[in-house]
Amino acid sequence: MTFHVHILTLFPQAFPGLLGHSVVGRAHDKGLWQLGVTNIRDFATDKHRTVDDTPYGGGAGMVLKPDVVAAALRAAKAAHGGGHVVFLGPAGKRFVQTDARRLAALEAPLILLCGHYEGIDQRVLDAEVDETLSVGDFVLSGGEPAAMVMVDAIVRLRPGVLGADASLHEESFDIADEQGNPLVEYPHFTRPATWEGHEVPPVLQNGNHAEIAAWRLMQAKARTAKLKP
């Protein structure tokens, strides 16, 4: 079944961008997923195509208007017969690998709403959005880079996208310790066996798969403790 992703943005020219390349781009060319993009500005109703206005209560910046955003969202939902709507904003829950797996398993189309300026009128978020997600505790100029990050993380988990689906189970956050806690991935090495005086760990060259698996788990635990305690 083809996975549908629809992005609502003020900058449709930003897409597909990186999503048109590498593994995700090839999967798109094969029809494993489809990308739709809507220009929110197309739903403005005045001659100047106004999409924002000053915030009630004062303050800096501009806020995207609820009527324009709602019209764009409802058109996207109507085009797909519904959909799961995610708003991309810094106040959202942090997007992690479990979210990527959950969203990759959706049967409904995934609709991503990119914020801009100071944000979007809260009323339309309350009325039309299913959840708000963030790629980190920092502020971007818009939701477009976050959308590309999320779509890449999600689409690569879809069946058939990666050449060897087994590799999905040995990636960071899909590896776990004995208690089920997620771990970052162990270090990787390839030929030559000696490079600038640095050797590949001998255990990786001995062909003993049980020893290799134990070493990799130990390394994953150590790296997690050091890099993401």
# chains A, B, ... in the order shown; residues from 1 in each chain; ligands from 1

$ closest_atom_pairs --of "segment 15-107 of chain A" --to "segment 150-165 of chain A" --cutoff "12 Å" --atoms "only C-alpha atoms" --output "CSV"
residue,atom,partner,partner_atom,distance
A:Phe15,CA,A:Val151,CA,11.4
A:Pro16,CA,A:Val151,CA,10.5
A:Gly17,CA,A:Asp152,CA,11.2
A:Leu18,CA,A:Asp152,CA,8.7
A:Leu19,CA,A:Asp152,CA,6.8
A:Gly20,CA,A:Asp152,CA,10.1
A:His21,CA,A:Asp152,CA,10.3
A:Ser22,CA,A:Asp152,CA,10.1
A:Val23,CA,A:Leu162,CA,6.9
A:Val24,CA,A:Arg156,CA,6.3
A:Gly25,CA,A:Asp152,CA,9.4
A:Arg26,CA,A:Val161,CA,8.2
A:Ala27,CA,A:Val161,CA,5.5
A:His28,CA,A:Val161,CA,8.9
A:Asp29,CA,A:Val161,CA,10.8
A:Lys30,CA,A:Val161,CA,9.2
A:Gly31,CA,A:Val161,CA,10.1
A:Leu32,CA,A:Val161,CA,7.1
A:Trp33,CA,A:Val155,CA,7.5
A:Gln34,CA,A:Val155,CA,10.0
A:Leu35,CA,A:Val151,CA,9.7
A:Val86,CA,A:Met150,CA,10.5
A:Phe87,CA,A:Met150,CA,11.6
A:Leu88,CA,A:Met150,CA,9.5
A:Arg94,CA,A:Met150,CA,11.1
A:Phe95,CA,A:Met150,CA,7.9
A:Val96,CA,A:Ala153,CA,9.3
A:Gln97,CA,A:Ala153,CA,7.8
A:Thr98,CA,A:Ile154,CA,10.0
A:Asp99,CA,A:Ile154,CA,8.4
A:Ala100,CA,A:Ile154,CA,4.8
A:Arg101,CA,A:Ile154,CA,6.6
A:Arg102,CA,A:Ile154,CA,8.6
A:Leu103,CA,A:Ile154,CA,6.6
A:Ala104,CA,A:Ile154,CA,5.1
A:Ala105,CA,A:Arg158,CA,7.6
A:Leu106,CA,A:Arg158,CA,10.0
A:Glu107,CA,A:Arg158,CA,11.3

$ residues_around --residues "segment 119-124 of chain A" --least-positions-apart "4" --cutoff "8 Å" --atoms "only C-alpha atoms" --output "list of chain:residue names"
A:Met62, A:Val63, A:Leu64, A:Lys65, A:Pro66, A:Asp67, A:Val69, A:Ala70, A:Gly89, A:Gly115, A:Glu128, A:Val129

$ atom_distance --atom1 "atom CA of Val5 of chain A" --atom2 "atom CA of Leu125 of chain A"
18.9 Å

$ residues_around --residues "Arg49 of chain A" --least-positions-apart "5" --cutoff "12 Å" --atoms "only C-alpha atoms" --output "MDAnalysis selection string"
chainID A and resid 10 39:44 65 68

$ closest_residue --among "A:Gly59, A:Glu144, A:Asp177, A:Lys221" --to "Gln13 of chain A" --atoms "only C-alpha atoms"
A:Glu144

$ atom_distance --atom1 "atom CA of Ala214 of chain A" --atom2 "atom CA of Asp174 of chain A"
16.3 Å

$ atom_distance --atom1 "atom CA of Pro202 of chain A" --atom2 "atom CA of Ala220 of chain A"
17.2 Å

$ residues_around --residues "Pro201 of chain A" --least-positions-apart "2" --cutoff "12 Å" --atoms "only C-alpha atoms" --output "ChimeraX atom specification"
/A:187-191,193-194,198-199,203-206,211-212,215-216,219

$ closest_residue --among "A:Leu133, A:Ala78, A:Leu183, A:Ala176" --to "Arg223 of chain A" --atoms "only C-alpha atoms"
A:Leu183

$ select_by_dssp --residues "segment 46-223 of chain A" --states "strand (DSSP E)" --output "number ranges by chain"
A: 52-53, 63-64, 84-94, 110-114, 131-134, 175-176, 182-183, 194-195, 198-199
